[in-house]
file protein_29.cif (mmCIF, C-alpha atoms)
data_input
loop_
_atom_site.label_atom_id
_atom_site.label_comp_id
_atom_site.auth_asym_id
_atom_site.auth_seq_id
_atom_site.Cartn_x
_atom_site.Cartn_y
_atom_site.Cartn_z
CA MET K 1 20.94 -0.50 27.50
CA LYS K 2 21.13 -3.25 24.91
CA GLU K 3 22.07 -6.66 26.39
CA LYS K 4 25.11 -8.41 25.02
CA GLN K 5 24.47 -11.63 23.19
CA THR K 6 26.64 -14.63 22.39
CA HIS K 7 26.88 -15.97 18.84
CA SER K 8 27.80 -19.46 17.72
CA ILE K 9 28.75 -18.20 14.25
CA PRO K 10 31.11 -15.37 13.24
CA LEU K 11 29.58 -11.95 12.88
CA GLU K 12 29.70 -10.18 9.54
CA SER K 13 33.07 -8.47 9.19
CA THR K 14 34.67 -7.50 12.53
CA CYS K 15 31.69 -5.80 14.18
CA LYS K 16 31.36 -5.77 17.93
CA ILE K 17 28.10 -5.80 19.85
CA THR K 18 27.50 -2.16 20.74
CA ASP K 19 24.59 0.23 20.51
CA GLU K 20 25.22 0.28 16.76
CA ILE K 21 23.64 -2.13 14.33
CA CYS K 22 26.24 -4.50 12.98
CA LEU K 23 27.05 -3.88 9.31
CA PRO K 24 29.89 -5.13 7.12
CA ASP K 25 33.03 -2.96 7.16
CA THR K 26 33.40 -0.95 3.98
CA LYS K 27 35.36 1.92 2.52
CA LEU K 28 32.61 2.55 -0.01
CA PRO K 29 30.05 5.34 0.43
CA ARG K 30 27.08 4.03 2.44
CA VAL K 31 23.59 4.69 1.09
CA VAL K 32 20.92 3.98 3.70
CA ILE K 33 17.35 3.55 2.43
CA VAL K 34 14.43 3.75 4.84
CA GLY K 35 11.54 1.74 3.41
CA GLY K 36 11.32 -1.11 0.90
CA GLY K 37 8.26 -0.08 -1.08
CA PHE K 38 8.24 0.52 -4.83
CA ALA K 39 10.59 3.52 -4.58
CA GLY K 40 13.07 1.97 -2.16
CA LEU K 41 13.20 -1.31 -4.06
CA ALA K 42 13.72 0.45 -7.40
CA LEU K 43 16.65 2.34 -5.85
CA VAL K 44 18.20 -0.87 -4.52
CA GLU K 45 17.92 -2.46 -7.95
CA LYS K 46 19.64 0.56 -9.52
CA LEU K 47 22.53 0.51 -7.03
CA LYS K 48 23.14 -3.25 -6.88
CA HIS K 49 26.67 -4.29 -7.89
CA LYS K 50 27.80 -0.62 -7.89
CA GLU K 51 30.66 0.92 -5.91
CA VAL K 52 28.48 1.76 -2.92
CA GLN K 53 27.23 -0.07 0.15
CA VAL K 54 23.43 -0.16 0.18
CA VAL K 55 21.65 -0.66 3.50
CA LEU K 56 17.88 -1.15 3.40
CA LEU K 57 16.01 -0.67 6.68
CA ASP K 58 12.37 -1.74 6.97
CA LYS K 59 9.99 -2.76 9.74
CA ASN K 60 8.86 -5.68 7.55
CA ASN K 61 11.11 -8.32 6.01
CA PHE K 62 9.17 -8.30 2.76
CA HIS K 63 8.04 -6.12 -0.13
CA GLN K 64 4.28 -6.03 -0.66
CA PHE K 65 2.49 -5.40 -3.94
CA GLN K 66 -0.03 -2.85 -2.72
CA PRO K 67 -2.21 -2.58 -5.89
CA LEU K 68 -3.54 -6.10 -5.19
CA LEU K 69 -4.22 -5.74 -1.46
CA TYR K 70 -7.94 -5.56 -2.19
CA GLN K 71 -7.81 -9.03 -3.78
CA VAL K 72 -6.32 -10.50 -0.61
CA ALA K 73 -9.03 -8.71 1.38
CA THR K 74 -11.79 -10.33 -0.70
CA SER K 75 -10.24 -13.83 -0.78
CA ALA K 76 -9.27 -13.63 -4.45
CA LEU K 77 -5.58 -14.17 -3.59
CA GLU K 78 -3.61 -15.58 -0.69
CA PRO K 79 -1.25 -13.14 1.07
CA ASP K 80 1.94 -14.96 0.08
CA SER K 81 1.07 -14.30 -3.57
CA ILE K 82 1.76 -10.58 -3.30
CA VAL K 83 4.60 -10.41 -0.77
CA PHE K 84 8.24 -11.20 -1.48
CA PRO K 85 11.06 -11.50 1.11
CA PHE K 86 13.78 -8.86 0.82
CA ARG K 87 16.54 -11.36 1.53
CA LYS K 88 15.36 -13.58 -1.29
CA GLN K 89 15.14 -10.57 -3.59
CA PHE K 90 18.70 -9.49 -2.69
CA ASN K 91 20.28 -12.93 -2.97
CA GLY K 92 23.53 -12.42 -4.87
CA TYR K 93 23.61 -8.64 -4.35
CA LYS K 94 26.99 -8.49 -2.60
CA ASN K 95 26.82 -4.77 -1.85
CA VAL K 96 23.28 -4.82 -0.42
CA VAL K 97 22.48 -5.33 3.28
CA PHE K 98 19.02 -5.66 4.82
CA ARG K 99 18.19 -5.04 8.48
CA LEU K 100 14.78 -5.58 10.09
CA VAL K 101 14.32 -2.47 12.24
CA GLU K 102 12.01 0.48 12.68
CA VAL K 103 13.70 3.84 12.17
CA GLU K 104 12.69 6.25 14.92
CA GLU K 105 14.81 9.37 14.46
CA ILE K 106 17.17 11.06 12.02
CA GLN K 107 20.15 13.01 13.42
CA PRO K 108 21.28 14.99 10.34
CA SER K 109 24.18 16.74 12.12
CA LEU K 110 25.70 13.34 12.95
CA ASN K 111 24.68 11.50 9.75
CA THR K 112 23.06 8.96 12.04
CA LEU K 113 19.75 7.12 12.34
CA ILE K 114 18.30 5.97 15.64
CA THR K 115 16.37 2.71 15.19
CA SER K 116 14.51 0.27 17.42
CA LYS K 117 17.64 -1.94 17.44
CA GLY K 118 20.51 0.56 17.50
CA LYS K 119 22.26 3.28 15.49
CA VAL K 120 23.16 3.35 11.81
CA HIS K 121 25.56 5.83 10.20
CA TYR K 122 25.10 6.96 6.62
CA ASP K 123 26.84 8.95 3.93
CA TYR K 124 23.64 9.34 1.92
CA LEU K 125 20.17 8.89 3.39
CA VAL K 126 17.07 8.16 1.31
CA ILE K 127 13.65 8.37 2.95
CA ALA K 128 11.20 6.10 1.13
CA SER K 129 8.93 5.24 4.05
CA GLY K 130 5.63 5.77 2.22
CA THR K 131 2.26 6.67 3.68
CA THR K 132 -0.33 5.50 6.15
CA THR K 133 -4.11 5.86 6.26
CA ASN K 134 -5.36 9.39 6.91
CA PHE K 135 -8.62 9.58 8.86
CA PHE K 136 -8.44 13.39 8.94
CA GLY K 137 -8.64 13.59 12.72
CA MET K 138 -11.85 11.53 13.06
CA ASP K 139 -10.84 9.37 16.00
CA LYS K 140 -14.09 7.40 16.21
CA VAL K 141 -13.88 6.49 12.54
CA ALA K 142 -10.24 5.43 12.96
CA GLU K 143 -11.14 3.25 15.95
CA ASN K 144 -14.00 1.42 14.28
CA SER K 145 -12.97 1.11 10.63
CA LEU K 146 -10.11 -0.42 8.66
CA GLY K 147 -7.69 1.13 6.21
CA MET K 148 -6.07 -0.82 3.39
CA LYS K 149 -2.38 0.11 3.32
CA ASP K 150 -0.58 -3.17 4.03
CA ILE K 151 -1.04 -6.93 3.99
CA ARG K 152 -2.16 -7.00 7.62
CA ASP K 153 -4.96 -4.55 6.82
CA SER K 154 -6.09 -6.83 3.98
CA LEU K 155 -6.17 -9.88 6.24
CA ASN K 156 -8.06 -7.91 8.89
CA ILE K 157 -10.65 -6.91 6.29
CA ARG K 158 -10.95 -10.52 5.12
CA HIS K 159 -11.42 -11.87 8.64
CA MET K 160 -13.83 -9.08 9.57
CA MET K 161 -15.95 -9.76 6.50
CA LEU K 162 -16.07 -13.54 6.97
CA GLN K 163 -16.71 -13.33 10.73
CA ASN K 164 -19.57 -10.90 10.18
CA LEU K 165 -21.12 -13.04 7.45
CA GLU K 166 -20.94 -16.07 9.75
CA GLN K 167 -22.53 -14.08 12.59
CA ALA K 168 -25.27 -12.88 10.22
CA ALA K 169 -26.20 -16.51 9.61
CA ILE K 170 -26.57 -17.00 13.38
CA THR K 171 -28.50 -13.93 14.51
CA CYS K 172 -32.28 -13.67 14.35
CA ASP K 173 -32.23 -9.89 14.79
CA ASP K 174 -33.01 -8.21 11.45
CA ASP K 175 -31.21 -4.95 12.23
CA GLU K 176 -28.15 -6.82 13.44
CA ARG K 177 -28.14 -8.96 10.29
CA ASP K 178 -28.36 -5.85 8.12
CA ALA K 179 -25.45 -4.23 9.94
CA LEU K 180 -23.34 -7.38 9.61
CA THR K 181 -23.97 -7.73 5.87
CA ASN K 182 -23.73 -4.06 4.84
CA PHE K 183 -20.34 -2.85 3.60
CA VAL K 184 -19.33 0.81 3.35
CA ILE K 185 -16.24 1.84 1.38
CA VAL K 186 -15.13 5.45 1.79
CA GLY K 187 -13.13 6.97 -1.07
CA GLY K 188 -13.78 6.85 -4.81
CA GLY K 189 -10.16 6.55 -5.98
CA PRO K 190 -8.69 3.40 -7.55
CA ALA K 191 -8.44 1.52 -4.23
CA GLY K 192 -12.05 2.23 -3.29
CA VAL K 193 -13.43 1.50 -6.75
CA GLU K 194 -11.53 -1.78 -7.05
CA MET K 195 -12.54 -2.86 -3.57
CA ALA K 196 -16.21 -2.09 -4.28
CA GLY K 197 -16.10 -4.06 -7.53
CA ALA K 198 -14.43 -7.05 -5.87
CA LEU K 199 -16.97 -7.08 -3.01
CA ALA K 200 -19.82 -6.85 -5.50
CA GLU K 201 -18.51 -9.89 -7.37
CA PHE K 202 -18.09 -11.74 -4.06
CA CYS K 203 -21.72 -10.93 -3.31
CA LYS K 204 -22.90 -12.06 -6.73
CA TYR K 205 -20.92 -15.27 -7.20
CA ILE K 206 -19.66 -16.51 -3.81
CA LEU K 207 -22.32 -15.51 -1.29
CA PRO K 208 -25.13 -17.69 -2.78
CA LYS K 209 -22.87 -20.76 -2.71
CA ASP K 210 -21.32 -20.28 0.72
CA TYR K 211 -24.33 -18.82 2.52
CA PRO K 212 -27.54 -20.36 1.14
CA GLU K 213 -29.23 -19.34 4.42
CA TYR K 214 -30.03 -15.95 2.99
CA PRO K 215 -30.30 -14.31 -0.45
CA ALA K 216 -27.38 -12.44 -2.00
CA SER K 217 -29.53 -9.30 -1.97
CA ILE K 218 -29.02 -9.08 1.79
CA MET K 219 -25.43 -7.86 1.23
CA ASN K 220 -25.44 -4.14 0.40
CA ILE K 221 -22.31 -2.32 -0.75
CA TYR K 222 -22.02 1.46 -0.46
CA LEU K 223 -19.25 3.56 -2.00
CA ILE K 224 -19.03 7.09 -0.58
CA GLU K 225 -17.09 9.83 -2.39
CA ALA K 226 -16.83 13.44 -1.21
CA ILE K 227 -16.74 15.03 -4.68
CA ASP K 228 -18.99 14.67 -7.72
CA GLU K 229 -17.05 11.96 -9.59
CA LEU K 230 -15.12 8.73 -9.14
CA LEU K 231 -11.46 8.35 -10.15
CA SER K 232 -10.97 12.12 -10.15
CA THR K 233 -7.36 11.83 -11.37
CA MET K 234 -8.51 10.03 -14.54
CA SER K 235 -10.58 11.23 -17.50
CA ASP K 236 -14.28 12.03 -17.43
CA LYS K 237 -14.86 8.99 -19.65
CA ALA K 238 -13.12 6.72 -17.12
CA SER K 239 -15.13 8.25 -14.30
CA SER K 240 -18.52 7.86 -15.96
CA LYS K 241 -17.76 4.32 -17.18
CA THR K 242 -16.66 3.31 -13.70
CA LEU K 243 -19.86 4.66 -12.21
CA LYS K 244 -21.92 2.65 -14.71
CA TYR K 245 -19.95 -0.54 -14.06
CA LEU K 246 -20.44 -0.24 -10.31
CA GLU K 247 -24.15 0.52 -10.60
CA ASP K 248 -24.53 -2.52 -12.88
CA LEU K 249 -23.00 -4.54 -10.05
CA ASN K 250 -25.60 -3.09 -7.64
CA VAL K 251 -23.11 -0.95 -5.74
CA LYS K 252 -24.82 2.06 -4.20
CA VAL K 253 -22.59 5.01 -5.10
CA LEU K 254 -23.05 8.18 -3.04
CA LEU K 255 -21.31 11.17 -4.65
CA ASN K 256 -20.90 14.61 -3.02
CA GLU K 257 -21.15 12.84 0.31
CA ALA K 258 -18.71 12.37 3.19
CA VAL K 259 -18.59 10.41 6.43
CA SER K 260 -18.80 12.51 9.58
CA ASN K 261 -18.90 9.74 12.21
CA TYR K 262 -18.86 5.98 12.66
CA ASP K 263 -19.46 4.19 15.95
CA GLY K 264 -18.85 0.65 14.72
CA LYS K 265 -22.46 -0.01 13.79
CA GLU K 266 -23.87 3.15 12.21
CA VAL K 267 -22.28 5.38 9.59
CA THR K 268 -23.31 9.05 9.68
CA THR K 269 -22.72 11.38 6.73
CA ILE K 270 -22.45 15.15 6.58
CA SER K 271 -25.87 15.38 4.92
CA GLY K 272 -27.48 13.47 7.79
CA LYS K 273 -27.80 10.05 6.15
CA THR K 274 -27.30 7.00 8.36
CA ILE K 275 -26.29 3.52 7.21
CA LEU K 276 -26.31 0.45 9.44
CA ALA K 277 -22.98 -1.30 8.82
CA LYS K 278 -20.42 -3.22 10.85
CA ASN K 279 -18.00 -3.18 7.92
CA LEU K 280 -16.36 0.13 7.01
CA ILE K 281 -13.26 0.21 4.79
CA TRP K 282 -11.47 3.56 4.54
CA THR K 283 -9.59 4.39 1.33
CA ALA K 284 -10.28 8.13 1.34
CA GLY K 285 -6.83 9.49 2.05
CA VAL K 286 -3.23 8.93 3.06
CA LYS K 287 -0.57 10.89 4.90
CA GLY K 288 3.19 10.60 4.96
CA GLN K 289 4.96 8.63 7.66
CA PHE K 290 8.65 9.13 8.35
CA PRO K 291 11.09 9.27 11.30
CA ASN K 292 11.46 12.30 13.53
CA GLY K 293 14.31 14.72 12.81
CA ILE K 294 13.30 16.51 9.60
CA ASP K 295 12.71 20.23 10.21
CA GLU K 296 8.98 20.99 10.19
CA LYS K 297 9.43 23.85 7.74
CA HIS K 298 10.20 21.25 5.07
CA ILE K 299 6.94 19.35 5.67
CA VAL K 300 4.03 20.21 3.38
CA ARG K 301 0.41 19.21 2.92
CA GLY K 302 -0.31 15.53 3.39
CA ASN K 303 2.67 15.26 5.76
CA ARG K 304 5.00 14.95 2.78
CA ILE K 305 8.63 16.05 2.67
CA LYS K 306 9.40 18.90 0.28
CA THR K 307 12.29 18.24 -2.09
CA ASP K 308 14.10 20.14 -4.80
CA ALA K 309 14.15 19.10 -8.46
CA ASN K 310 16.85 16.50 -7.68
CA LEU K 311 14.71 14.89 -4.92
CA LYS K 312 17.02 16.28 -2.25
CA VAL K 313 15.22 17.28 0.94
CA GLU K 314 15.33 21.06 1.22
CA GLY K 315 17.85 22.23 3.80
CA TYR K 316 20.01 19.08 3.71
CA GLU K 317 22.94 18.12 1.49
CA ASN K 318 22.84 14.33 1.72
CA ILE K 319 19.22 13.46 2.56
CA PHE K 320 16.75 12.56 -0.20
CA ALA K 321 13.08 11.59 -0.31
CA ILE K 322 11.38 9.45 -2.94
CA GLY K 323 8.02 7.80 -3.51
CA ASP K 324 4.75 8.77 -1.85
CA ILE K 325 6.56 10.65 0.92
CA ALA K 326 8.27 13.08 -1.50
CA ALA K 327 6.68 16.35 -2.61
CA LEU K 328 8.51 17.85 -5.58
CA ILE K 329 6.43 20.99 -5.93
CA SER K 330 6.61 23.11 -9.07
CA GLU K 331 4.40 25.43 -11.11
CA GLU K 332 3.49 22.47 -13.29
CA ARG K 333 2.74 20.25 -10.28
CA PRO K 334 1.66 22.43 -7.32
CA LYS K 335 0.63 19.32 -5.34
CA GLY K 336 3.70 17.29 -6.22
CA HIS K 337 3.75 14.08 -8.22
CA PRO K 338 0.90 11.55 -7.95
CA GLN K 339 1.28 9.01 -5.15
CA VAL K 340 1.29 5.99 -7.45
CA ALA K 341 3.67 3.10 -8.09
CA GLN K 342 4.98 4.31 -11.44
CA ALA K 343 6.06 7.67 -10.00
CA ALA K 344 7.80 5.93 -7.08
CA ILE K 345 9.63 3.50 -9.36
CA GLN K 346 10.80 6.27 -11.69
CA GLN K 347 12.08 8.31 -8.74
CA GLY K 348 13.95 5.31 -7.34
CA LYS K 349 15.69 4.65 -10.65
CA TYR K 350 16.48 8.32 -11.17
CA LEU K 351 17.96 8.75 -7.70
CA GLY K 352 20.19 5.72 -8.16
CA ASN K 353 21.84 7.40 -11.14
CA SER K 354 21.98 10.74 -9.35
CA ILE K 355 23.74 9.37 -6.28
CA LEU K 356 26.32 7.62 -8.44
CA ASN K 357 26.90 10.89 -10.29
CA LEU K 358 27.30 12.78 -7.02
CA ILE K 359 29.84 10.26 -5.76
CA ASN K 360 31.80 10.56 -9.00
CA ASN K 361 31.53 14.39 -9.07
CA LYS K 362 29.41 14.35 -12.19
CA PRO K 363 26.48 16.72 -12.83
CA THR K 364 22.92 15.59 -12.15
CA GLN K 365 19.80 16.40 -14.13
CA PRO K 366 16.45 17.33 -12.52
CA PHE K 367 13.88 14.58 -12.18
CA GLU K 368 11.28 14.39 -14.95
CA TYR K 369 8.20 12.26 -14.47
CA LYS K 370 6.88 10.42 -17.51
CA ASP K 371 3.22 9.60 -17.06
CA LYS K 372 2.63 6.21 -18.67
CA GLY K 373 -1.11 6.38 -18.10
CA SER K 374 -3.59 5.11 -15.53
CA LEU K 375 -5.56 1.90 -15.20
CA ALA K 376 -8.32 0.80 -12.81
CA THR K 377 -10.45 -2.34 -12.74
CA VAL K 378 -14.01 -2.70 -11.53
CA GLY K 379 -14.25 -6.47 -11.74
CA LYS K 380 -13.80 -9.22 -14.27
CA ARG K 381 -13.73 -7.95 -17.86
CA LYS K 382 -14.45 -4.43 -16.63
CA ALA K 383 -11.71 -1.80 -16.42
CA VAL K 384 -10.87 1.71 -17.57
CA ALA K 385 -7.65 2.97 -19.13
CA ASP K 386 -6.20 6.43 -19.79
CA LEU K 387 -3.08 6.10 -21.93
CA GLY K 388 -2.25 9.57 -23.22
CA LYS K 389 -4.72 10.41 -25.96
CA PHE K 390 -6.15 6.88 -25.85
CA LYS K 391 -9.00 6.45 -23.40
CA PHE K 392 -10.96 3.23 -23.45
CA ALA K 393 -12.87 0.82 -21.22
CA GLY K 394 -14.12 -2.73 -21.12
CA TYR K 395 -12.51 -6.09 -21.82
CA PHE K 396 -9.32 -4.86 -23.49
CA ALA K 397 -8.68 -2.36 -20.68
CA TRP K 398 -9.17 -5.19 -18.17
CA LEU K 399 -6.78 -7.46 -20.10
CA LEU K 400 -4.17 -4.69 -20.19
CA TRP K 401 -4.62 -4.05 -16.46
CA SER K 402 -4.12 -7.76 -15.76
CA VAL K 403 -0.93 -8.04 -17.82
CA VAL K 404 0.63 -4.85 -16.41
CA HIS K 405 -0.04 -5.86 -12.80
CA LEU K 406 1.03 -9.46 -13.30
CA MET K 407 4.40 -8.45 -14.77
CA ALA K 408 5.01 -5.92 -11.99
CA ILE K 409 4.80 -8.52 -9.20
CA SER K 410 8.15 -9.53 -7.67
CA GLY K 411 9.22 -13.15 -8.15
CA PHE K 412 8.40 -15.75 -10.81
CA ARG K 413 6.60 -17.97 -8.29
CA ASN K 414 4.36 -15.10 -7.19
CA ARG K 415 3.50 -14.24 -10.80
CA LEU K 416 2.69 -17.89 -11.43
CA MET K 417 0.46 -18.12 -8.35
CA VAL K 418 -1.42 -14.91 -9.17
CA GLY K 419 -1.79 -15.85 -12.83
CA PHE K 420 -3.11 -19.31 -11.92
CA ASN K 421 -5.61 -17.86 -9.42
CA TRP K 422 -6.82 -15.34 -11.97
CA ALA K 423 -7.22 -18.05 -14.61
CA VAL K 424 -9.27 -20.24 -12.26
CA SER K 425 -11.40 -17.27 -11.24
CA TYR K 426 -11.91 -16.24 -14.86
CA PHE K 427 -13.47 -19.57 -15.82
CA THR K 428 -15.16 -20.57 -12.56
CA TYR K 429 -15.73 -17.36 -10.53
CA GLU K 430 -14.12 -19.27 -7.66
CA LYS K 431 -11.88 -17.56 -5.12
CA SER K 432 -9.22 -18.77 -2.69
CA ASN K 433 -10.04 -20.63 0.49
CA ARG K 434 -12.24 -18.42 2.62
CA LEU K 435 -10.68 -19.31 5.96
CA ILE K 436 -10.89 -17.48 9.27
CA ILE K 437 -7.39 -18.18 10.56
CA ARG K 438 -7.53 -15.83 13.54
CA ASN K 439 -10.23 -13.94 15.36
CA PHE K 440 -10.45 -10.31 14.29
CA LYS K 441 -11.32 -7.63 16.84
CA PRO K 442 -11.84 -3.93 16.02
CA LYS K 443 -9.29 -1.52 17.52
CA SER K 444 -11.98 -0.05 19.76
CA LEU K 445 -12.65 -3.42 21.43
CA ILE K 446 -8.92 -4.11 21.85
CA ASP K 447 -8.38 -0.70 23.45
CA ASN K 448 -11.31 -1.23 25.83
CA THR K 449 -9.98 -4.66 26.80
CA GLU K 450 -6.54 -3.20 27.54
CA GLU K 451 -8.07 -0.51 29.73
#
call {"tool": "encode", "arguments": {"input": "protein_29.cif", "output": "structure tokens"}}
result
Amino acid sequence: MKEKQTHSIPLESTCKITDEICLPDTKLPRVVIVGGGFAGLALVEKLKHKEVQVVLLDKNNFHQFQPLLYQVATSALEPDSIVFPFRKQFNGYKNVVFRLVEVEEIQPSLNTLITSKGKVHYDYLVIASGTTTNFFGMDKVAENSLGMKDIRDSLNIRHMMLQNLEQAAITCDDDERDALTNFVIVGGGPAGVEMAGALAEFCKYILPKDYPEYPASIMNIYLIEAIDELLSTMSDKASSKTLKYLEDLNVKVLLNEAVSNYDGKEVTTISGKTILAKNLIWTAGVKGQFPNGIDEKHIVRGNRIKTDANLKVEGYENIFAIGDIAALISEERPKGHPQVAQAAIQQGKYLGNSILNLINNKPTQPFEYKDKGSLATVGKRKAVADLGKFKFAGYFAWLLWSVVHLMAISGFRNRLMVGFNWAVSYFTYEKSNRLIIRNFKPKSLIDNTEE
């Protein structure tokens, strides 16, 4: 039972300390949003200052700009450049409330959420909880490798990389040194490609300066992709250009190959190849994560929640799903919409209008996704772009990628910090301070210690 606490300042409204989370009293319809990613944040922005009470619940107190996680991982940016506090974002939004909790269960029959801190009642519920790394049931790989889904993952990758490079300068064992300086990235989508390019530039420009003890050629980067092309969701031109860019950067690209096991030191592939590496970064797949309580018959491939054309979860009248977690399946899109930021943002904006229409007894239109194109970068001055009929690569694609991502970051200060770091890097190839703030331990070592 939750302990009662004393407060030296008045509580919001007239709430009492109970098993319910304290929220301001309101006669307005309450829209509860689970998750403050791109979709959830876009929905909040659409509903701010409207005749509804908006309650955002998230296990973090900040929004993170996931497309640039790889730059934090490779010391190109500091973490505070790509995260932005929710409370700062919502300053002045009088109808928006944020609570730092983890949602554990949905009780649809009671219009109630069970969280780590108490209950929350809703009139409309929006699940925007996103995805987590999918290791496809390979427990050993999950124990010994790192995904790249949030800012903590990025910092873990950074610390792992720097610790291993420092250890490589200490050891006299050749095999150990090889394992410490070899990097394997699994997954040839945008995240994997961008991570491989960033690591290759680190190897080319930073390693010789920071680690003169050994040549830059000691650091090998492998990119493993299970099918026969990179960036499979983009054009053939983008795929082939990306492959050339990576090979020019000395990245060893293994196509039609997949990881079957990883013990923390040796990567094994399905074809029988083995690679000595103490650095494995997994970007090969994601799966939905959401609270318990949604009927399993509405869960589809990838652990996504099936919705109708209005993003309403099938079988429920006042529960919606948006962003990566939502699967709006149709003849045109049998796998649902792509799990990218632009789809999530469009769904958040659309649902804001739809909920207001529902409240006011107005008709709603089905969601229509407008694909604005795809961009991916492979390093400085190297990127690919698919914008409708226009498909191009090189410097202009990289410049466009930079502008689009810079403008999408939350907060003027963050944009300024990222822009400044990029400008310095452009002219000097320098990166942020390469500091080991805390000791990183693989999950397997932590688990063994706890046992």
call {"tool": "atom_distance", "arguments": {"input": "protein_29.cif", "atom1": "CA of Pro190 (chain K)", "atom2": "CA of Leu223 (chain K)"}}
result
11.9 Å
call {"tool": "closest_atom_pairs", "arguments": {"input": "protein_29.cif", "of": "region 143-218 of chain K", "to": "region 251-258 of chain K", "cutoff": "8 Å", "atoms": "all atoms listed in the file", "output": "Markdown table"}}
result
| residue | atom | partner | partner_atom | distance |
| --- | --- | --- | --- | --- |
| K:Val186 | CA | K:Ala258 | CA | 7.9 |
| K:Ala196 | CA | K:Val251 | CA | 7.1 |
| K:Gly197 | CA | K:Val251 | CA | 7.9 |
| K:Ala200 | CA | K:Val251 | CA | 6.8 |
call {"tool": "atom_distance", "arguments": {"input": "protein_29.cif", "atom1": "CA of Tyr262 (chain K)", "atom2": "CA of Ser239 (chain K)"}}
result
27.3 Å
call {"tool": "closest_residue", "arguments": {"input": "protein_29.cif", "among": "K:Ser129, K:Thr112, K:Thr274, K:Thr283", "to": "Ser145 (chain K)", "atoms": "all atoms listed in the file"}}
result
K:Thr283
call {"tool": "resolve_selection", "arguments": {"input": "protein_29.cif", "expression": "the PyMOL selection byres ((chain K and resi 431) around 9)", "output": "NGL selection string"}}
result
:K and (74-77 or 202 or 206 or 421-422 or 424-425 or 428-430 or 432-434)
call {"tool": "resolve_selection", "arguments": {"input": "protein_29.cif", "expression": "the PyMOL selection byres ((chain K and resi 394-397) around 7)", "output": "list in words"}}
result
Arg381, Lys382, Ala383, Val384, Ala385, Phe392, Ala393, Trp398, Leu399, Leu400 and Trp401 of chain K
call {"tool": "closest_residue", "arguments": {"input": "protein_29.cif", "among": "K:Asn439, K:Ser81, K:Gln66, K:Asn60", "to": "Arg415 (chain K)", "atoms": "all atoms listed in the file"}}
result
K:Ser81
call {"tool": "residues_around", "arguments": {"input": "protein_29.cif", "residues": "Glu105 (chain K)", "least_positions_apart": "3", "cutoff": "7 Å", "atoms": "only C-alpha atoms", "output": "list in words"}}
result
Leu113, Ile114, Thr115, Pro291, Asn292 and Gly293 of chain K
call {"tool": "closest_residue", "arguments": {"input": "protein_29.cif", "among": "K:Thr377, K:Gln71, K:Ser402, K:Thr132", "to": "Leu246 (chain K)", "atoms": "all atoms listed in the file"}}
result
K:Thr377
call {"tool": "atom_distance", "arguments": {"input": "protein_29.cif", "atom1": "CA of Ile359 (chain K)", "atom2": "CA of Val313 (chain K)"}}
result
17.5 Å
call {"tool": "residues_around", "arguments": {"input": "protein_29.cif", "residues": "Met219 (chain K)", "least_positions_apart": "2", "cutoff": "6 Å", "atoms": "all atoms listed in the file", "output": "list of chain:residue names"}}
result
K:Thr181, K:Asn182, K:Ala216, K:Ser217
call {"tool": "resolve_selection", "arguments": {"input": "protein_29.cif", "expression": "the PyMOL selection byres ((chain K and resi 83) around 9)", "output": "list of chain:residue names"}}
result
K:Phe62, K:His63, K:Gln64, K:Phe65, K:Pro79, K:Asp80, K:Ser81, K:Ile82, K:Phe84, K:Pro85, K:Ile151, K:Ile409, K:Ser410, K:Asn414
call {"tool": "axis_aligned_box", "arguments": {"input": "protein_29.cif", "around": "region 209-217 of chain K", "padding_each_side": "5 Å", "output": "JSON"}}
result
{"center_x": -25.8, "center_y": -15.0, "center_z": 0.9, "size_x": 19.0, "size_y": 21.5, "size_z": 17.1}
call {"tool": "closest_residue", "arguments": {"input": "protein_29.cif", "among": "K:Gln289, K:Thr307, K:Thr364, K:Thr268", "to": "Glu104 (chain K)", "atoms": "all atoms listed in the file"}}
result
K:Gln289
call {"tool": "build_atoms", "arguments": {"input": "protein_29.cif", "residues": "region 146-152 of chain K", "atoms": "N, CA and C atoms", "output": "JSON list (two decimals), in the frame of the given file"}}
result
[["chain", "number", "residue", "atom", "x", "y", "z"],
["K", 146, "LEU", "N", -11.39, 0.14, 9.08],
["K", 146, "LEU", "CA", -10.11, -0.42, 8.66],
["K", 146, "LEU", "C", -9.61, 0.31, 7.41],
["K", 147, "GLY", "N", -8.32, 0.64, 7.42],
["K", 147, "GLY", "CA", -7.69, 1.13, 6.21],
["K", 147, "GLY", "C", -7.23, -0.04, 5.36],
["K", 148, "MET", "N", -6.55, 0.26, 4.26],
["K", 148, "MET", "CA", -6.07, -0.82, 3.39],
["K", 148, "MET", "C", -4.71, -0.42, 2.82],
["K", 149, "LYS", "N", -3.71, -0.35, 3.73],
["K", 149, "LYS", "CA", -2.38, 0.11, 3.32],
["K", 149, "LYS", "C", -1.32, -0.98, 3.35],
["K", 150, "ASP", "N", -1.57, -2.09, 4.04],
["K", 150, "ASP", "CA", -0.58, -3.17, 4.03],
["K", 150, "ASP", "C", -1.28, -4.51, 4.12],
["K", 151, "ILE", "N", -0.48, -5.58, 4.07],
["K", 151, "ILE", "CA", -1.04, -6.93, 3.99],
["K", 151, "ILE", "C", -1.83, -7.29, 5.25],
["K", 152, "ARG", "N", -1.43, -6.73, 6.39],
["K", 152, "ARG", "CA", -2.16, -7.00, 7.62],
["K", 152, "ARG", "C", -3.56, -6.39, 7.56]]
